[in-house]
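Trainee: run.pdb is reproduced in full below (PDB, C-alpha atoms).
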```
ATOM      1  CA  MET C   4    -211.125 -31.317 148.836
ATOM      2  CA  LYS C   5    -208.459 -28.692 148.350
ATOM      3  CA  THR C   6    -206.936 -29.318 151.823
ATOM      4  CA  ARG C   7    -206.795 -33.061 151.183
ATOM      5  CA  LEU C   8    -205.043 -32.519 147.893
ATOM      6  CA  THR C   9    -202.514 -30.198 149.514
ATOM      7  CA  ALA C  10    -201.876 -32.763 152.264
ATOM      8  CA  ALA C  11    -201.434 -35.529 149.698
ATOM      9  CA  GLY C  12    -199.056 -33.317 147.709
ATOM     10  CA  LEU C  13    -197.019 -32.586 150.824
ATOM     11  CA  CYS C  14    -196.802 -36.278 151.719
ATOM     12  CA  VAL C  15    -195.563 -37.153 148.225
ATOM     13  CA  ALA C  16    -193.075 -34.273 148.310
ATOM     14  CA  VAL C  17    -191.705 -35.331 151.723
ATOM     15  CA  GLY C  18    -191.507 -38.946 150.531
ATOM     16  CA  LEU C  19    -189.668 -37.977 147.347
ATOM     17  CA  LEU C  20    -187.283 -35.646 149.166
ATOM     18  CA  SER C  21    -186.305 -38.291 151.687
ATOM     19  CA  ALA C  22    -185.998 -41.024 149.076
ATOM     20  CA  GLY C  23    -184.361 -38.883 146.398
ATOM     21  CA  CYS C  24    -180.770 -39.130 147.619
ATOM     22  CA  VAL C  25    -178.489 -42.087 147.149
ATOM     23  CA  GLY C  26    -176.550 -42.599 150.375
ATOM     24  CA  LEU C  27    -172.894 -41.648 150.604
ATOM     25  CA  ASN C  28    -171.947 -45.260 151.260
ATOM     26  CA  GLU C  29    -173.778 -46.403 148.152
ATOM     27  CA  ARG C  30    -172.387 -43.605 145.991
ATOM     28  CA  ILE C  31    -168.768 -44.019 146.970
ATOM     29  CA  LEU C  32    -168.497 -47.714 147.657
ATOM     30  CA  ASP C  33    -171.165 -48.940 145.198
ATOM     31  CA  SER C  34    -172.355 -51.072 148.090
ATOM     32  CA  GLN C  35    -175.529 -52.094 146.261
ATOM     33  CA  THR C  36    -173.551 -53.739 143.457
ATOM     34  CA  GLU C  37    -173.102 -57.475 143.742
ATOM     35  CA  THR C  38    -169.311 -57.601 143.708
ATOM     36  CA  LEU C  39    -168.944 -61.260 142.780
ATOM     37  CA  ARG C  40    -171.461 -61.088 139.970
ATOM     38  CA  ALA C  41    -169.858 -57.921 138.592
ATOM     39  CA  ARG C  42    -166.413 -59.497 138.776
ATOM     40  CA  ARG C  43    -167.635 -62.586 136.951
ATOM     41  CA  ILE C  44    -169.178 -60.729 134.031
ATOM     42  CA  GLN C  45    -166.321 -58.234 133.756
ATOM     43  CA  THR C  46    -163.469 -60.747 133.836
ATOM     44  CA  ARG C  47    -161.974 -63.308 131.453
ATOM     45  CA  VAL C  48    -158.840 -65.416 131.689
ATOM     46  CA  PHE C  49    -156.582 -65.970 128.677
ATOM     47  CA  ASP C  50    -153.907 -68.631 128.282
ATOM     48  CA  THR C  51    -150.918 -66.420 127.609
ATOM     49  CA  THR C  52    -148.023 -65.075 129.623
ATOM     50  CA  ASP C  53    -147.505 -62.064 127.377
ATOM     51  CA  ARG C  54    -149.150 -59.260 129.342
ATOM     52  CA  GLU C  55    -147.777 -56.498 127.158
ATOM     53  CA  ARG C  56    -149.044 -58.160 123.997
ATOM     54  CA  THR C  57    -152.470 -58.539 125.623
ATOM     55  CA  LEU C  58    -152.483 -54.817 126.443
ATOM     56  CA  ARG C  59    -151.627 -54.027 122.824
ATOM     57  CA  ASP C  60    -154.482 -56.296 121.710
ATOM     58  CA  VAL C  61    -156.819 -54.412 124.050
ATOM     59  CA  ILE C  62    -155.698 -51.109 122.471
ATOM     60  CA  ALA C  63    -156.237 -52.507 118.957
ATOM     61  CA  THR C  64    -159.671 -53.868 119.919
ATOM     62  CA  LEU C  65    -160.759 -50.537 121.383
ATOM     63  CA  ALA C  66    -159.590 -48.735 118.222
ATOM     64  CA  ASP C  67    -161.481 -51.252 116.049
ATOM     65  CA  LEU C  68    -164.648 -50.744 118.097
ATOM     66  CA  GLY C  69    -164.435 -46.994 117.474
ATOM     67  CA  PHE C  70    -163.250 -46.098 120.980
ATOM     68  CA  TRP C  71    -160.855 -43.261 121.628
ATOM     69  CA  VAL C  72    -157.871 -44.520 123.616
ATOM     70  CA  GLU C  73    -157.253 -41.979 126.382
ATOM     71  CA  LYS C  74    -154.697 -43.664 128.607
ATOM     72  CA  ALA C  75    -152.367 -46.628 128.519
ATOM     73  CA  ASP C  76    -149.857 -47.760 131.119
ATOM     74  CA  ALA C  77    -147.780 -50.894 130.736
ATOM     75  CA  THR C  78    -146.602 -51.026 134.351
ATOM     76  CA  LEU C  79    -150.091 -50.827 135.809
ATOM     77  CA  GLY C  80    -151.534 -52.808 132.915
ATOM     78  CA  VAL C  81    -154.313 -50.312 132.288
ATOM     79  CA  VAL C  82    -155.966 -49.047 129.115
ATOM     80  CA  LYS C  83    -158.806 -46.548 129.184
ATOM     81  CA  GLY C  84    -161.024 -45.616 126.259
ATOM     82  CA  SER C  85    -164.264 -43.775 125.571
ATOM     83  CA  LYS C  86    -166.966 -43.726 122.930
ATOM     84  CA  SER C  87    -170.090 -41.558 122.899
ATOM     85  CA  GLY C  88    -170.270 -41.230 126.682
ATOM     86  CA  LEU C  89    -169.332 -44.851 127.349
ATOM     87  CA  ILE C  90    -166.085 -45.162 129.310
ATOM     88  CA  LEU C  91    -164.232 -48.451 129.408
ATOM     89  CA  THR C  92    -161.238 -49.230 131.615
ATOM     90  CA  VAL C  93    -159.464 -52.500 130.948
ATOM     91  CA  THR C  94    -156.826 -53.996 133.212
ATOM     92  CA  VAL C  95    -154.530 -56.890 132.418
ATOM     93  CA  SER C  96    -152.833 -58.722 135.269
ATOM     94  CA  PRO C  97    -150.817 -61.941 135.477
ATOM     95  CA  ARG C  98    -152.424 -65.066 136.903
ATOM     96  CA  GLY C  99    -150.295 -68.023 137.866
ATOM     97  CA  SER C 100    -147.521 -68.986 135.514
ATOM     98  CA  GLY C 101    -149.326 -69.185 132.201
ATOM     99  CA  GLN C 102    -152.383 -66.917 132.218
ATOM    100  CA  VAL C 103    -153.498 -63.311 132.283
ATOM    101  CA  VAL C 104    -156.706 -61.923 133.736
ATOM    102  CA  VAL C 105    -158.445 -59.231 131.713
ATOM    103  CA  ARG C 106    -161.035 -57.140 133.511
ATOM    104  CA  ALA C 107    -163.198 -54.590 131.720
ATOM    105  CA  ASN C 108    -165.143 -51.994 133.637
ATOM    106  CA  ALA C 109    -167.712 -49.929 131.751
ATOM    107  CA  GLN C 110    -169.462 -46.793 132.895
ATOM    108  CA  ARG C 111    -172.175 -44.935 131.076
ATOM    109  CA  GLN C 112    -173.510 -41.586 132.150
ATOM    110  CA  MET C 113    -173.853 -41.985 135.891
ATOM    111  CA  SER C 114    -173.866 -45.723 136.371
ATOM    112  CA  LEU C 115    -171.839 -48.868 136.068
ATOM    113  CA  VAL C 116    -172.741 -51.042 133.090
ATOM    114  CA  GLU C 117    -174.084 -54.319 134.457
ATOM    115  CA  ASP C 118    -175.331 -55.896 131.238
ATOM    116  CA  PRO C 119    -173.391 -59.193 130.778
ATOM    117  CA  GLU C 120    -174.086 -59.071 127.020
ATOM    118  CA  ALA C 121    -172.129 -55.818 126.685
ATOM    119  CA  TYR C 122    -169.020 -57.342 128.290
ATOM    120  CA  GLN C 123    -169.464 -60.534 126.286
ATOM    121  CA  ARG C 124    -169.335 -58.526 123.030
ATOM    122  CA  PHE C 125    -166.168 -56.764 124.115
ATOM    123  CA  PHE C 126    -164.435 -60.000 125.081
ATOM    124  CA  ALA C 127    -165.558 -61.657 121.834
ATOM    125  CA  ALA C 128    -163.856 -58.846 119.891
ATOM    126  CA  LEU C 129    -160.749 -59.128 122.087
ATOM    127  CA  GLU C 130    -160.639 -62.908 121.596
ATOM    128  CA  LYS C 131    -160.539 -62.399 117.839
ATOM    129  CA  ALA C 132    -157.682 -59.919 118.169
ATOM    130  CA  MET C 133    -155.765 -62.307 120.419
ATOM    131  CA  PHE C 134    -156.570 -65.530 118.532
ATOM    132  CA  LEU C 135    -157.137 -67.069 121.949
ATOM    133  CA  THR C 136    -160.171 -68.379 123.771
ATOM    134  CA  ALA C 137    -161.334 -66.523 126.820
ATOM    135  CA  HIS C 138    -162.258 -68.533 129.896
ATOM    136  CA  GLN C 139    -164.752 -67.426 132.489
ATOM    137  CA  VAL C 140    -163.018 -66.707 135.756
ATOM    138  CA  ASP C 141    -163.480 -69.442 138.392
TER     139      ASP C 141
ATOM    140  CA  MET Z  21    -209.876 -33.541 138.369
ATOM    141  CA  ALA Z  22    -209.438 -37.306 138.154
ATOM    142  CA  ARG Z  23    -208.613 -37.091 134.450
ATOM    143  CA  GLN Z  24    -205.856 -34.572 135.024
ATOM    144  CA  PRO Z  25    -202.998 -37.092 135.330
ATOM    145  CA  PHE Z  26    -203.755 -38.529 131.898
ATOM    146  CA  ARG Z  27    -202.991 -35.172 130.308
ATOM    147  CA  SER Z  28    -199.331 -35.595 131.172
ATOM    148  CA  ALA Z  29    -199.252 -39.156 129.863
ATOM    149  CA  PRO Z  30    -198.200 -38.203 126.295
ATOM    150  CA  VAL Z  31    -195.381 -36.075 127.716
ATOM    151  CA  LEU Z  32    -194.177 -38.945 129.902
ATOM    152  CA  LEU Z  33    -194.455 -41.344 126.987
ATOM    153  CA  GLY Z  34    -192.427 -38.942 124.851
ATOM    154  CA  LEU Z  35    -189.739 -38.742 127.522
ATOM    155  CA  LEU Z  36    -189.609 -42.525 127.786
ATOM    156  CA  LEU Z  37    -189.297 -42.830 124.013
ATOM    157  CA  LEU Z  38    -186.528 -40.238 123.987
ATOM    158  CA  THR Z  39    -184.503 -42.149 126.543
ATOM    159  CA  GLY Z  40    -184.894 -45.221 124.352
ATOM    160  CA  CYS Z  41    -183.008 -43.476 121.520
ATOM    161  CA  ALA Z  42    -179.581 -43.840 123.125
ATOM    162  CA  PRO Z  43    -177.734 -46.815 121.610
ATOM    163  CA  GLU Z  44    -177.482 -49.983 123.680
ATOM    164  CA  VAL Z  45    -174.118 -50.485 125.360
ATOM    165  CA  SER Z  46    -173.821 -53.966 123.835
ATOM    166  CA  GLN Z  47    -174.394 -52.393 120.420
ATOM    167  CA  MET Z  48    -171.593 -49.915 121.068
ATOM    168  CA  LEU Z  49    -169.267 -52.799 121.911
ATOM    169  CA  THR Z  50    -170.058 -54.676 118.701
ATOM    170  CA  PRO Z  51    -167.548 -54.256 115.841
ATOM    171  CA  PRO Z  52    -168.954 -51.713 113.353
ATOM    172  CA  GLU Z  53    -169.546 -52.787 109.737
ATOM    173  CA  ASP Z  54    -166.762 -50.572 108.407
ATOM    174  CA  MET Z  55    -164.235 -51.824 110.994
ATOM    175  CA  LEU Z  56    -161.858 -53.499 108.534
ATOM    176  CA  ALA Z  57    -162.081 -50.642 106.014
ATOM    177  CA  GLN Z  58    -161.298 -48.101 108.732
ATOM    178  CA  ARG Z  59    -158.418 -50.170 110.044
ATOM    179  CA  GLN Z  60    -156.992 -50.284 106.520
ATOM    180  CA  ILE Z  61    -157.334 -46.518 106.018
ATOM    181  CA  GLN Z  62    -155.726 -45.813 109.397
ATOM    182  CA  THR Z  63    -152.803 -48.250 109.142
ATOM    183  CA  ARG Z  64    -149.539 -48.472 107.178
ATOM    184  CA  GLN Z  65    -146.585 -50.813 107.502
ATOM    185  CA  TYR Z  66    -142.978 -49.706 107.466
ATOM    186  CA  GLU Z  67    -139.782 -51.669 106.950
ATOM    187  CA  PHE Z  68    -138.242 -50.768 110.268
ATOM    188  CA  ALA Z  69    -136.931 -53.118 112.921
ATOM    189  CA  ASP Z  70    -136.801 -50.568 115.733
ATOM    190  CA  GLU Z  71    -140.299 -49.791 117.011
ATOM    191  CA  GLU Z  72    -139.038 -47.170 119.431
ATOM    192  CA  GLN Z  73    -137.356 -45.282 116.607
ATOM    193  CA  VAL Z  74    -140.620 -45.307 114.643
ATOM    194  CA  LEU Z  75    -142.523 -44.034 117.673
ATOM    195  CA  MET Z  76    -140.021 -41.223 118.145
ATOM    196  CA  ALA Z  77    -140.337 -40.276 114.475
ATOM    197  CA  CYS Z  78    -144.133 -40.282 114.955
ATOM    198  CA  THR Z  79    -143.813 -37.884 117.898
ATOM    199  CA  GLY Z  80    -141.725 -35.495 115.779
ATOM    200  CA  PHE Z  81    -144.213 -35.835 112.941
ATOM    201  CA  LEU Z  82    -147.080 -34.901 115.305
ATOM    202  CA  GLN Z  83    -145.135 -31.831 116.430
ATOM    203  CA  ASP Z  84    -144.568 -30.922 112.766
ATOM    204  CA  MET Z  85    -148.347 -30.872 112.397
ATOM    205  CA  GLY Z  86    -148.656 -28.570 115.412
ATOM    206  CA  PHE Z  87    -149.911 -31.131 117.904
ATOM    207  CA  GLN Z  88    -149.177 -30.927 121.617
ATOM    208  CA  ILE Z  89    -148.149 -34.302 123.015
ATOM    209  CA  ASP Z  90    -150.607 -35.227 125.784
ATOM    210  CA  GLU Z  91    -149.709 -38.798 126.591
ATOM    211  CA  GLY Z  92    -147.044 -41.280 125.725
ATOM    212  CA  ALA Z  93    -146.776 -44.957 126.611
ATOM    213  CA  SER Z  94    -143.738 -46.085 124.654
ATOM    214  CA  ARG Z  95    -143.778 -49.642 125.994
ATOM    215  CA  LEU Z  96    -147.235 -50.069 124.487
ATOM    216  CA  GLY Z  97    -146.524 -48.048 121.342
ATOM    217  CA  VAL Z  98    -148.953 -45.235 122.110
ATOM    218  CA  VAL Z  99    -148.663 -41.466 121.595
ATOM    219  CA  LEU Z 100    -151.631 -39.121 122.002
ATOM    220  CA  GLY Z 101    -151.723 -35.486 120.955
ATOM    221  CA  SER Z 102    -154.150 -32.619 120.514
ATOM    222  CA  LYS Z 103    -154.436 -29.084 119.191
ATOM    223  CA  MET Z 104    -156.999 -26.318 118.990
ATOM    224  CA  ARG Z 105    -157.687 -24.744 115.609
ATOM    225  CA  ASP Z 106    -160.090 -22.277 114.025
ATOM    226  CA  ALA Z 107    -162.281 -23.972 111.410
ATOM    227  CA  ASN Z 108    -163.155 -20.580 109.925
ATOM    228  CA  SER Z 109    -161.022 -20.398 106.805
ATOM    229  CA  LEU Z 110    -161.132 -16.594 106.485
ATOM    230  CA  THR Z 111    -157.969 -14.688 107.387
ATOM    231  CA  PRO Z 112    -158.190 -11.736 109.832
ATOM    232  CA  GLY Z 113    -157.965  -9.371 106.822
ATOM    233  CA  GLN Z 114    -160.802 -11.137 105.045
ATOM    234  CA  ARG Z 115    -162.876 -11.046 108.221
ATOM    235  CA  ALA Z 116    -162.324  -7.284 108.474
ATOM    236  CA  ALA Z 117    -163.533  -6.964 104.880
ATOM    237  CA  VAL Z 118    -166.620  -9.010 105.741
ATOM    238  CA  ALA Z 119    -167.231  -6.733 108.745
ATOM    239  CA  VAL Z 120    -167.111  -3.656 106.468
ATOM    240  CA  ALA Z 121    -169.518  -5.340 104.037
ATOM    241  CA  ALA Z 122    -171.864  -6.160 106.940
ATOM    242  CA  LEU Z 123    -171.799  -2.533 108.080
ATOM    243  CA  GLY Z 124    -172.674  -1.470 104.554
ATOM    244  CA  LEU Z 125    -175.642  -3.839 104.546
ATOM    245  CA  VAL Z 126    -176.816  -2.486 107.914
ATOM    246  CA  ALA Z 127    -176.524   1.079 106.609
ATOM    247  CA  GLY Z 128    -178.625   0.092 103.602
ATOM    248  CA  GLY Z 129    -181.677  -0.225 105.877
ATOM    249  CA  TYR Z 130    -183.757  -2.889 104.154
ATOM    250  CA  THR Z 131    -180.581  -4.928 103.465
ATOM    251  CA  ALA Z 132    -179.804  -5.092 107.224
ATOM    252  CA  PRO Z 133    -181.133  -8.683 107.689
ATOM    253  CA  LEU Z 134    -178.538  -9.868 105.162
ATOM    254  CA  ALA Z 135    -175.806  -8.592 107.500
ATOM    255  CA  LEU Z 136    -176.807 -11.353 109.934
ATOM    256  CA  LEU Z 137    -175.689 -13.913 107.400
ATOM    257  CA  LEU Z 138    -172.251 -12.333 107.306
ATOM    258  CA  VAL Z 139    -171.866 -12.183 111.084
ATOM    259  CA  ASP Z 140    -171.386 -15.968 111.148
ATOM    260  CA  LYS Z 141    -168.531 -15.626 108.628
ATOM    261  CA  MET Z 142    -166.669 -13.287 110.977
ATOM    262  CA  GLN Z 143    -166.776 -15.511 114.024
ATOM    263  CA  ALA Z 144    -164.100 -17.995 115.018
ATOM    264  CA  LYS Z 145    -165.128 -21.658 114.866
ATOM    265  CA  PRO Z 146    -162.938 -23.410 117.439
ATOM    266  CA  VAL Z 147    -162.318 -27.108 116.978
ATOM    267  CA  ARG Z 148    -160.235 -29.476 119.036
ATOM    268  CA  ILE Z 149    -158.335 -32.004 116.973
ATOM    269  CA  GLU Z 150    -156.932 -35.064 118.668
ATOM    270  CA  VAL Z 151    -154.636 -37.719 117.308
ATOM    271  CA  GLY Z 152    -153.762 -41.193 118.498
ATOM    272  CA  VAL Z 153    -150.719 -43.008 117.103
ATOM    273  CA  PHE Z 154    -150.308 -46.716 117.778
ATOM    274  CA  THR Z 155    -147.284 -48.719 116.707
ATOM    275  CA  ARG Z 156    -146.749 -52.448 116.704
ATOM    276  CA  LYS Z 157    -144.080 -54.845 115.568
ATOM    277  CA  ILE Z 158    -145.336 -57.208 112.895
ATOM    278  CA  GLY Z 159    -144.001 -59.821 110.514
ATOM    279  CA  THR Z 160    -142.512 -63.173 111.365
ATOM    280  CA  SER Z 161    -138.980 -61.838 111.682
ATOM    281  CA  GLY Z 162    -140.179 -58.686 113.453
ATOM    282  CA  ASP Z 163    -138.559 -56.364 110.931
ATOM    283  CA  GLN Z 164    -141.704 -54.369 110.216
ATOM    284  CA  VAL Z 165    -143.678 -51.893 112.265
ATOM    285  CA  ALA Z 166    -147.371 -51.193 111.706
ATOM    286  CA  VAL Z 167    -148.432 -47.626 112.458
ATOM    287  CA  ARG Z 168    -152.074 -46.788 113.057
ATOM    288  CA  ILE Z 169    -153.141 -43.151 113.148
ATOM    289  CA  ILE Z 170    -156.599 -42.033 114.262
ATOM    290  CA  PHE Z 171    -157.825 -38.449 114.152
ATOM    291  CA  ARG Z 172    -160.787 -37.134 116.111
ATOM    292  CA  GLU Z 173    -162.464 -33.750 115.951
ATOM    293  CA  THR Z 174    -164.633 -31.912 118.473
ATOM    294  CA  GLY Z 175    -166.581 -28.825 117.488
ATOM    295  CA  TYR Z 176    -167.868 -26.193 119.901
ATOM    296  CA  LYS Z 177    -171.247 -24.506 119.966
ATOM    297  CA  ASP Z 178    -171.786 -21.553 122.285
ATOM    298  CA  GLY Z 179    -168.592 -22.523 124.102
ATOM    299  CA  ARG Z 180    -169.770 -26.053 124.769
ATOM    300  CA  PRO Z 181    -168.105 -29.075 123.153
ATOM    301  CA  ALA Z 182    -170.206 -31.083 120.716
ATOM    302  CA  PRO Z 183    -169.879 -34.888 120.689
ATOM    303  CA  PRO Z 184    -166.474 -35.750 119.179
ATOM    304  CA  HIS Z 185    -166.327 -37.704 115.955
ATOM    305  CA  ILE Z 186    -163.608 -39.849 114.421
ATOM    306  CA  ILE Z 187    -162.346 -38.568 111.058
ATOM    307  CA  LYS Z 188    -163.058 -41.167 108.376
ATOM    308  CA  ASP Z 189    -161.842 -39.251 105.311
ATOM    309  CA  ALA Z 190    -159.267 -41.516 103.624
ATOM    310  CA  THR Z 191    -157.463 -38.602 101.925
ATOM    311  CA  ILE Z 192    -156.563 -37.063 105.308
ATOM    312  CA  TYR Z 193    -154.914 -40.308 106.393
ATOM    313  CA  GLN Z 194    -153.185 -40.727 103.046
ATOM    314  CA  GLU Z 195    -151.606 -37.289 103.362
ATOM    315  CA  ALA Z 196    -150.624 -37.902 106.986
ATOM    316  CA  PHE Z 197    -148.918 -41.178 106.071
ATOM    317  CA  ASP Z 198    -147.138 -39.517 103.134
ATOM    318  CA  ARG Z 199    -145.686 -37.015 105.584
ATOM    319  CA  LEU Z 200    -144.829 -39.727 108.095
ATOM    320  CA  SER Z 201    -143.081 -41.749 105.377
ATOM    321  CA  LYS Z 202    -140.884 -38.741 104.614
ATOM    322  CA  ALA Z 203    -140.101 -38.282 108.336
ATOM    323  CA  LEU Z 204    -139.211 -41.970 108.632
ATOM    324  CA  PHE Z 205    -137.092 -41.829 105.504
ATOM    325  CA  LEU Z 206    -135.100 -38.947 107.009
ATOM    326  CA  GLU Z 207    -134.878 -40.822 110.308
ATOM    327  CA  ALA Z 208    -133.495 -43.895 108.525
ATOM    328  CA  ARG Z 209    -130.958 -41.796 106.628
ATOM    329  CA  GLU Z 210    -129.770 -39.948 109.715
ATOM    330  CA  SER Z 211    -129.415 -43.008 111.924
TER     331      SER Z 211
END
```
For this file, produce the structure as structure tokens.

Mentor:
Amino acid sequence: MKTRLTAAGLCVAVGLLSAGCVGLNERILDSQTETLRARRIQTRVFDTTDRERTLRDVIATLADLGFWVEKADATLGVVKGSKSGLILTVTVSPRGSGQVVVRANAQRQMSLVEDPEAYQRFFAALEKAMFLTAHQVD
Amino acid sequence: MARQPFRSAPVLLGLLLLTGCAPEVSQMLTPPEDMLAQRQIQTRQYEFADEEQVLMACTGFLQDMGFQIDEGASRLGVVLGSKMRDANSLTPGQRAAVAVAALGLVAGGYTAPLALLLVDKMQAKPVRIEVGVFTRKIGTSGDQVAVRIIFRETGYKDGRPAPPHIIKDATIYQEAFDRLSKALFLEARES
């Protein structure tokens, strides 16, 4: 009985040890994440050409949501904020002649936030600040 | 032997419940109830046409308050600063006096446990204070600039930082804006 238990314990231990590590590829490239799905839920298009104003609206929205703005760069079009372990990076880039694309990327603890509802709430708050309607990216 | 695994069930259940305590991300991205009140406390409007001039005055005002400037994005109207301070209000002289009193209590024998209460009064209580200043042109003719100031404080326990919290005390902001108004008034007079 005792030997069987030890053998079973060893098998479980070997199984756990071999399965316990996330591969380098997966860790660095997030290869398990569905890129298109992530892009869709993280991105909205706004009908404005004013990229700088959009960035300022992102900063105001983050402040309203209780985030701490850590970085902002007009040239790159990046704003980064954090709140209780949740990190949010927002980029604003031009799209065509009359639109901007806003992409929000949230990370909590050790993983990417994949909940569409979370991004929806952020964009809803941003929409209010911008007085514009956000379109889903095609 | 077969019942053994069930003994750990309450522990596992407890762990699962504990992990459930962290707020949902979607909740964290929902505007808080006091959002408008906080925005009002943290924002003032100034009759200034030049946003850059206001931002520069803000930078000087942060330095007046002893802040180090960590980040500046003038095109977006952002200045971030921070400073370390000791939250223990006792001066070094007062702390020395407390140390003498503690020694006296230790020497008293049965009063020694009371000395432990004084030890805390002698220690430094480091806090990191951060500030974010955000400016924005407002008004139809663009002759006004809105300034939003947000303070955040992080305490330390056993050398480790505690979760930071945003300062919500309206009087702190009122005093900060009073000082900023004076700095802007001087700026306007000098320019």

Trainee: Set the cut-off to 9 Å and count only C-alpha atoms: what are the residues of chain C that reach chain Z? Output as a ChimeraX atom specification.

Mentor: /C:55-56,58-59,62-69,71-78,86-89,111,116,118-125,127-128

Trainee: Just the residues within 12 Å of Thr191 of chain Z, please, counting all atoms listed in the file, with nothing from its chain fewer than 6 positions along; format it as a PyMOL selection string.

Mentor: chain Z and resi 61-62+197-198

Trainee: Just to confirm, what's the straight-line distance from atom CA of Phe134 of chain C to atom CA of Gln194 of chain Z in Å (one decimal)?

Mentor: 29.4 Å

Trainee: List every protein, DNA or RNA residue with an atom no more than 9 Å from (-158.0, -48.5, 129.8) in the file's coordinates, counting all atoms listed in the file, and format the result as an mmCIF file with C-alpha atoms, in the frame of the given file.

Mentor:
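New file point_15.cif:
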```cif
data_model
loop_
_atom_site.group_PDB
_atom_site.id
_atom_site.type_symbol
_atom_site.label_atom_id
_atom_site.label_comp_id
_atom_site.auth_asym_id
_atom_site.auth_seq_id
_atom_site.Cartn_x
_atom_site.Cartn_y
_atom_site.Cartn_z
ATOM 1 C CA VAL C 61 -156.819 -54.412 124.050
ATOM 2 C CA ILE C 62 -155.698 -51.109 122.471
ATOM 3 C CA VAL C 72 -157.871 -44.520 123.616
ATOM 4 C CA GLU C 73 -157.253 -41.979 126.382
ATOM 5 C CA LYS C 74 -154.697 -43.664 128.607
ATOM 6 C CA ALA C 75 -152.367 -46.628 128.519
ATOM 7 C CA ASP C 76 -149.857 -47.760 131.119
ATOM 8 C CA GLY C 80 -151.534 -52.808 132.915
ATOM 9 C CA VAL C 81 -154.313 -50.312 132.288
ATOM 10 C CA VAL C 82 -155.966 -49.047 129.115
ATOM 11 C CA LYS C 83 -158.806 -46.548 129.184
ATOM 12 C CA GLY C 84 -161.024 -45.616 126.259
ATOM 13 C CA SER C 85 -164.264 -43.775 125.571
ATOM 14 C CA ILE C 90 -166.085 -45.162 129.310
ATOM 15 C CA LEU C 91 -164.232 -48.451 129.408
ATOM 16 C CA THR C 92 -161.238 -49.230 131.615
ATOM 17 C CA VAL C 93 -159.464 -52.500 130.948
ATOM 18 C CA THR C 94 -156.826 -53.996 133.212
ATOM 19 C CA ALA C 107 -163.198 -54.590 131.720
ATOM 20 C CA ASN C 108 -165.143 -51.994 133.637
#
```

Trainee: Which one is closest to Thr63 of chain Z: Z:Ala122, Z:Ala196, Z:Ala166, Z:Leu204? Count all atoms listed in the file.

Mentor: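 Closest to Thr63 of chain Z, using all atoms listed in the file: Z:Ala166.
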
Trainee: Leaving out Phe126 of chain C and any residue of its chain fewer than 4 positions from it, which residues lie within 8 Å of it when counting all atoms listed in the file, given as a ChimeraX atom specification?

Mentor: /C:47,122,130,137

Trainee: Mind giving me the straight-line distance from atom CA of Gly162 of chain Z to atom CA of Asp60 of chain C in Å, one decimal?

Mentor: 16.7 Å

Trainee: Box for segment 155-173 of chain Z: with edges along x, y and z, all listed atoms inside and 5 Å added on each side, what are the centre and edge lengths in Å to one decimal, as AutoDock Vina command-line options?

Mentor:
```
--center_x -150.5 --center_y -48.5 --center_z 113.5 --size_x 33.9 --size_y 39.4 --size_z 16.5
```

Trainee: Could you tell me which residues the PyMOL selection byres ((chain Z and resi 105) around 6) returns for this structure, as number ranges by chain?

Mentor: Z: 104, 106, 146-147

Trainee: If you count only C-alpha atoms, which residues fall within 8 Å of Lys141 of chain Z, apart from same-chain ones fewer than 6 positions away, as a ChimeraX atom specification?

Mentor: /Z:108,110,115,118

Trainee: To one decimal place in Å, what is the distance between atom CA of Glu173 of chain Z and atom CA of Ile149 of chain Z?

Mentor: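 Between atom CA of Glu173 of chain Z and atom CA of Ile149 of chain Z the gap works out to 4.6 Å.
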
Trainee: Convert the output of the PyMOL selection byres ((chain Z and resi 72) around 10) on the shown file into explicit residues, formatted as a PyMOL selection string.

Mentor: chain Z and resi 68-71+73-78+94-95+97+155-157+165

Trainee: List the spatial neighbours of segment 84-89 of chain Z as a list in words - criterion: any atom at most 6 Å away, all atoms listed in the file, same-chain residues fewer than 4 positions off excluded.

Mentor: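 Once the nearby chain positions are removed, what remains is Gly101, Ser102 and Lys103 of chain Z.
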